[in-house]
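To be precise, the following lines are data_8.txt, and they hold compact mmCIF, C-alpha atoms.
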```txt
# COMPACT_ATOMS: atom_id res chain seq x y z
CA MET A 1 -14.17 -65.32 -127.84
CA ILE A 2 -11.50 -66.97 -125.73
CA GLU A 3 -7.89 -67.27 -126.76
CA ILE A 4 -6.12 -70.35 -125.41
CA PRO A 5 -2.38 -70.88 -125.95
CA ALA A 6 -1.69 -74.21 -127.70
CA ASP A 7 0.38 -75.54 -124.79
CA ILE A 8 -2.49 -74.88 -122.39
CA ARG A 9 -4.95 -76.55 -124.80
CA ASP A 10 -2.61 -79.57 -124.68
CA GLN A 11 -2.65 -79.46 -120.85
CA LEU A 12 -6.46 -79.50 -120.85
CA VAL A 13 -6.58 -82.53 -123.12
CA ALA A 14 -3.88 -84.31 -121.10
CA HIS A 15 -5.78 -83.63 -117.85
CA ALA A 16 -8.97 -84.94 -119.47
CA PHE A 17 -7.22 -88.19 -120.44
CA ALA A 18 -5.53 -88.48 -117.03
CA GLY A 19 -8.91 -88.31 -115.30
CA LEU A 20 -10.53 -91.15 -117.23
CA PRO A 21 -12.88 -92.87 -116.67
CA ASP A 22 -14.11 -89.80 -114.73
CA GLU A 23 -14.69 -86.25 -115.87
CA SER A 24 -11.81 -83.85 -115.23
CA CYS A 25 -11.96 -80.20 -114.24
CA GLY A 26 -9.91 -77.10 -113.52
CA LEU A 27 -9.65 -73.34 -113.90
CA LEU A 28 -8.06 -71.02 -116.45
CA ALA A 29 -6.77 -67.65 -115.32
CA GLY A 30 -4.45 -64.85 -116.25
CA PRO A 31 -3.86 -61.11 -116.33
CA GLY A 32 -6.03 -58.73 -118.35
CA GLY A 33 -8.29 -61.45 -119.70
CA ARG A 34 -5.36 -63.43 -121.19
CA VAL A 35 -5.15 -67.12 -120.32
CA GLU A 36 -1.75 -67.55 -118.70
CA ARG A 37 -2.18 -70.68 -116.63
CA PHE A 38 -4.27 -73.80 -116.25
CA PHE A 39 -4.95 -75.00 -112.72
CA PRO A 40 -5.77 -78.72 -112.94
CA MET A 41 -8.08 -79.65 -110.07
CA THR A 42 -9.63 -82.65 -108.39
CA ASN A 43 -13.11 -83.73 -109.43
CA ALA A 44 -14.62 -84.21 -105.97
CA ASP A 45 -17.49 -86.18 -107.52
CA HIS A 46 -15.06 -88.77 -108.95
CA SER A 47 -17.70 -89.47 -111.57
CA PRO A 48 -17.82 -90.11 -115.33
CA LEU A 49 -21.07 -88.12 -115.44
CA THR A 50 -20.57 -85.08 -113.19
CA TYR A 51 -17.85 -82.87 -111.80
CA ARG A 52 -17.40 -80.55 -108.87
CA LEU A 53 -14.19 -78.75 -108.02
CA ASP A 54 -12.81 -79.86 -104.69
CA ALA A 55 -13.96 -77.03 -102.37
CA SER A 56 -10.67 -76.74 -100.46
CA GLU A 57 -8.67 -76.53 -103.70
CA GLN A 58 -11.18 -74.04 -105.07
CA ILE A 59 -10.63 -71.42 -102.38
CA LYS A 60 -6.84 -71.86 -102.56
CA VAL A 61 -6.78 -71.34 -106.33
CA PHE A 62 -9.27 -68.44 -106.17
CA GLY A 63 -7.00 -66.88 -103.54
CA GLU A 64 -3.93 -67.37 -105.73
CA ILE A 65 -5.71 -65.81 -108.73
CA ASP A 66 -6.77 -62.83 -106.57
CA ALA A 67 -3.29 -62.44 -105.08
CA LYS A 68 -1.75 -62.22 -108.54
CA GLY A 69 -4.36 -59.68 -109.62
CA TRP A 70 -5.48 -62.10 -112.34
CA ASP A 71 -8.97 -62.82 -113.60
CA LEU A 72 -10.79 -66.13 -113.60
CA ILE A 73 -11.27 -66.58 -117.34
CA GLY A 74 -12.35 -70.15 -117.87
CA ILE A 75 -13.92 -73.10 -116.09
CA PHE A 76 -12.76 -76.32 -117.71
CA HIS A 77 -14.29 -79.77 -117.61
CA SER A 78 -14.29 -82.82 -119.83
CA HIS A 79 -17.05 -84.91 -121.31
CA THR A 80 -15.94 -88.49 -121.61
CA HIS A 81 -18.64 -89.86 -123.91
CA SER A 82 -20.68 -86.91 -125.13
CA PRO A 83 -20.03 -83.87 -127.33
CA ALA A 84 -18.40 -80.67 -126.08
CA TYR A 85 -21.73 -79.00 -125.38
CA PRO A 86 -23.09 -78.04 -121.94
CA SER A 87 -25.38 -80.67 -120.45
CA GLU A 88 -28.60 -79.79 -118.66
CA THR A 89 -26.65 -80.21 -115.39
CA ASP A 90 -24.00 -77.80 -116.67
CA ARG A 91 -26.68 -75.25 -117.53
CA ARG A 92 -28.43 -75.48 -114.16
CA GLN A 93 -25.22 -75.32 -112.12
CA ALA A 94 -23.52 -72.48 -114.00
CA PHE A 95 -23.00 -69.89 -111.25
CA TYR A 96 -20.11 -68.06 -112.90
CA SER A 97 -21.70 -65.96 -115.61
CA GLU A 98 -18.49 -63.96 -116.11
CA ALA A 99 -16.40 -67.02 -117.05
CA HIS A 100 -16.13 -69.09 -120.20
CA TYR A 101 -17.11 -72.70 -119.71
CA VAL A 102 -14.45 -74.59 -121.66
CA LEU A 103 -15.36 -78.17 -122.57
CA VAL A 104 -13.09 -80.86 -123.96
CA THR A 105 -14.75 -83.96 -125.35
CA LEU A 106 -13.04 -87.33 -125.49
CA GLN A 107 -15.99 -88.91 -127.28
CA ASP A 108 -13.58 -89.66 -130.12
CA ARG A 109 -10.45 -90.63 -128.19
CA ASN A 110 -8.31 -90.05 -131.29
CA ASN A 111 -9.68 -86.62 -131.96
CA PRO A 112 -10.47 -84.61 -128.80
CA GLY A 113 -12.61 -81.55 -129.39
CA ILE A 114 -12.70 -78.23 -127.55
CA ARG A 115 -15.46 -75.64 -127.37
CA ALA A 116 -16.32 -72.76 -125.05
CA PHE A 117 -19.59 -71.27 -123.90
CA THR A 118 -20.93 -68.57 -121.67
CA ILE A 119 -23.94 -69.53 -119.58
CA ARG A 120 -25.91 -66.57 -118.23
CA GLU A 121 -29.18 -67.01 -116.38
CA GLY A 122 -29.65 -70.40 -117.98
CA THR A 123 -28.95 -69.25 -121.53
CA ILE A 124 -26.07 -70.94 -123.33
CA GLU A 125 -24.06 -69.10 -125.96
CA GLN A 126 -21.16 -70.63 -127.84
CA ASP A 127 -17.94 -68.60 -127.90
CA GLU A 128 -15.23 -68.82 -130.50
CA VAL A 129 -12.09 -70.64 -129.27
CA LYS A 130 -8.90 -69.29 -130.79
CA ILE A 131 -5.83 -71.44 -130.20
CA THR A 132 -2.78 -69.17 -130.16
CA MET B 1 -18.45 -58.39 -82.76
CA SER B 2 -17.78 -58.09 -86.44
CA VAL B 3 -16.98 -60.73 -89.01
CA THR B 4 -15.93 -59.90 -92.58
CA VAL B 5 -17.86 -61.78 -95.24
CA LYS B 6 -16.62 -62.01 -98.83
CA ILE B 7 -19.50 -61.88 -101.29
CA PRO B 8 -19.25 -63.63 -104.68
CA THR B 9 -20.04 -61.68 -107.83
CA ILE B 10 -23.33 -63.49 -108.37
CA LEU B 11 -24.71 -62.31 -104.99
CA ARG B 12 -23.40 -58.74 -104.96
CA ARG B 13 -26.65 -57.35 -106.32
CA HIS B 14 -28.10 -58.01 -102.84
CA VAL B 15 -25.44 -55.88 -101.11
CA GLY B 16 -25.19 -52.88 -103.40
CA GLY B 17 -22.30 -54.37 -105.37
CA LYS B 18 -19.88 -54.57 -102.45
CA PRO B 19 -17.23 -57.35 -102.50
CA THR B 20 -17.26 -57.62 -98.69
CA VAL B 21 -19.75 -56.87 -95.92
CA GLU B 22 -19.63 -57.00 -92.13
CA GLY B 23 -21.95 -59.05 -89.93
CA ASP B 24 -22.45 -60.19 -86.34
CA GLY B 25 -23.06 -63.58 -84.78
CA ASP B 26 -21.53 -66.32 -82.65
CA THR B 27 -22.08 -69.02 -85.26
CA LEU B 28 -22.33 -69.03 -89.04
CA ARG B 29 -26.07 -69.54 -88.73
CA ASP B 30 -26.40 -66.41 -86.54
CA LEU B 31 -24.11 -64.48 -88.86
CA LEU B 32 -26.15 -65.40 -91.95
CA SER B 33 -29.35 -64.51 -90.12
CA ASN B 34 -27.85 -61.11 -89.26
CA LEU B 35 -26.80 -60.61 -92.88
CA GLU B 36 -30.28 -61.52 -94.11
CA THR B 37 -31.70 -58.78 -91.86
CA GLN B 38 -29.22 -56.28 -93.26
CA TYR B 39 -29.51 -57.47 -96.87
CA PRO B 40 -32.86 -59.18 -97.52
CA GLY B 41 -32.57 -61.96 -100.10
CA LEU B 42 -28.83 -62.46 -99.68
CA THR B 43 -29.00 -65.84 -97.96
CA THR B 44 -31.90 -67.47 -99.80
CA SER B 45 -29.47 -69.23 -102.14
CA ILE B 46 -27.10 -70.14 -99.27
CA VAL B 47 -29.41 -71.66 -96.65
CA THR B 48 -32.13 -74.13 -97.70
CA GLU B 49 -35.74 -73.87 -96.53
CA GLN B 50 -34.94 -76.74 -94.16
CA GLY B 51 -32.16 -74.68 -92.61
CA GLY B 52 -29.19 -76.54 -94.08
CA LEU B 53 -26.33 -75.35 -96.21
CA HIS B 54 -27.30 -75.33 -99.88
CA ARG B 55 -25.62 -78.13 -101.80
CA PHE B 56 -24.03 -75.89 -104.41
CA VAL B 57 -22.61 -73.28 -102.06
CA ASN B 58 -19.24 -73.54 -100.36
CA LEU B 59 -18.77 -71.63 -97.12
CA TYR B 60 -15.37 -71.10 -95.55
CA VAL B 61 -14.16 -69.68 -92.26
CA ASN B 62 -10.62 -68.38 -92.75
CA ASP B 63 -10.35 -70.48 -95.92
CA GLU B 64 -11.42 -73.72 -94.14
CA ASP B 65 -14.37 -75.51 -95.75
CA VAL B 66 -17.10 -75.49 -93.07
CA ARG B 67 -18.32 -78.92 -94.18
CA TYR B 68 -15.22 -80.16 -92.34
CA LEU B 69 -15.84 -77.88 -89.36
CA GLY B 70 -19.37 -77.64 -87.98
CA SER B 71 -21.33 -76.59 -91.06
CA LEU B 72 -23.70 -73.75 -90.09
CA GLU B 73 -23.04 -74.32 -86.38
CA THR B 74 -19.36 -73.42 -86.85
CA GLU B 75 -18.36 -70.72 -84.37
CA VAL B 76 -17.08 -67.43 -85.68
CA ARG B 77 -15.06 -64.81 -83.85
CA GLU B 78 -14.25 -61.14 -84.20
CA GLY B 79 -11.72 -60.76 -86.99
CA ASP B 80 -12.63 -63.99 -88.81
CA THR B 81 -13.19 -63.89 -92.54
CA VAL B 82 -16.06 -65.88 -94.00
CA SER B 83 -16.04 -66.59 -97.73
CA ILE B 84 -19.02 -67.60 -99.81
CA LEU B 85 -18.21 -69.34 -103.09
CA PRO B 86 -20.71 -70.91 -105.43
CA ALA B 87 -19.60 -74.44 -106.28
CA VAL B 88 -17.97 -74.97 -109.65
CA ALA B 89 -19.90 -77.98 -110.80
CA GLY B 90 -21.79 -79.57 -113.63
CA GLY B 91 -22.16 -82.74 -115.61
```
Turn the structure described in the file into structure tokens.
Amino acid sequence: MIEIPADIRDQLVAHAFAGLPDESCGLLAGPGGRVERFFPMTNADHSPLTYRLDASEQIKVFGEIDAKGWDLIGIFHSHTHSPAYPSETDRRQAFYSEAHYVLVTLQDRNNPGIRAFTIREGTIEQDEVKIT
Amino acid sequence: MSVTVKIPTILRRHVGGKPTVEGDGDTLRDLLSNLETQYPGLTTSIVTEQGGLHRFVNLYVNDEDVRYLGSLETEVREGDTVSILPAVAGG
């Protein structure tokens, strides 16, 4: 289960819309497993089909999370035309088994959806998302 | 000569769970070769069979992405910190 404050959920959806037509991405982090902040990041792929966090931004944000003593809790990306479910590419490239993969779908532009998953050794499990 | 290398969670099983290790070498390629000798299996997901940097691994020297430096030929010096981060990527 991952708890996401409503204002951060709104930031995720806004970042997803701002990135159109491409997928958007970012990281969720906070102290003691509590999501405190969303770090919106650049999709270095600039693609509607794939994402990759910009590598230079990635090490800066990882460093900031470490310096604060926070945990990396979630890895966010958007799907622009498909459901909020990990794609085969998502499954193969999931190297952070300790994080929740948080997906926002804009398939229905009027009704964005959010789901979270853990992906461990290629196995996808859906996690409950609790908006707080 | 000793360079500190930060190991990501996913690779720590190769180094007895340690978050950092020390290695020697004049270039990243030498350093990784030295680490592979110390910790067999550590670099198989970092360096491809053709000897290049694996597509889904980011390597940094003092927080600089080595793709903008000299990739695996980037020189390293005593006191440098090398970070290994799996890419955050998908579709």
inquiry  = Would you compute the distance between atom CA of A:Ile73 and atom CA of A:Asp127? Give it in Å to one decimal.
reply    = 12.7 Å
Taking all atoms listed in the file into account, which residues of chain B are within 8 Å of chain A, as a short mmCIF file (atom, residue, chain, number, x, y, z; two decimals) with C-alpha atoms, keeping the file's coordinate frame?
```
data_model
loop_
_atom_site.label_atom_id
_atom_site.label_comp_id
_atom_site.auth_asym_id
_atom_site.auth_seq_id
_atom_site.Cartn_x
_atom_site.Cartn_y
_atom_site.Cartn_z
CA ILE B 10 -23.33 -63.49 -108.37
CA PHE B 56 -24.03 -75.89 -104.41
CA ASN B 58 -19.24 -73.54 -100.36
CA ASP B 63 -10.35 -70.48 -95.92
CA GLU B 64 -11.42 -73.72 -94.14
CA ASP B 65 -14.37 -75.51 -95.75
CA LEU B 85 -18.21 -69.34 -103.09
CA PRO B 86 -20.71 -70.91 -105.43
CA ALA B 87 -19.60 -74.44 -106.28
CA VAL B 88 -17.97 -74.97 -109.65
CA ALA B 89 -19.90 -77.98 -110.80
CA GLY B 90 -21.79 -79.57 -113.63
CA GLY B 91 -22.16 -82.74 -115.61
#
```
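With all atoms listed in the file as the atoms that count, the minimum distance from B:Leu11 to the choices B:Ile84, B:Ser33, B:Glu73, B:Gly25 is reached by B:Ile84.
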query = Mind pulling up the distance from atom CA of B:Leu42 to atom CA of A:Val61?
reply = 24.7 Å
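For A:Gln11, the list of residues within 12 Å, based on only C-alpha atoms and with local chain neighbours fewer than 6 positions off taken out, reads Ile4, Pro5, Phe17, Ala18, Ser24, Cys25, Gly26, Leu27, Leu28, Arg37, Phe38, Phe39, Pro40, Phe76 and Val104 of chain A.
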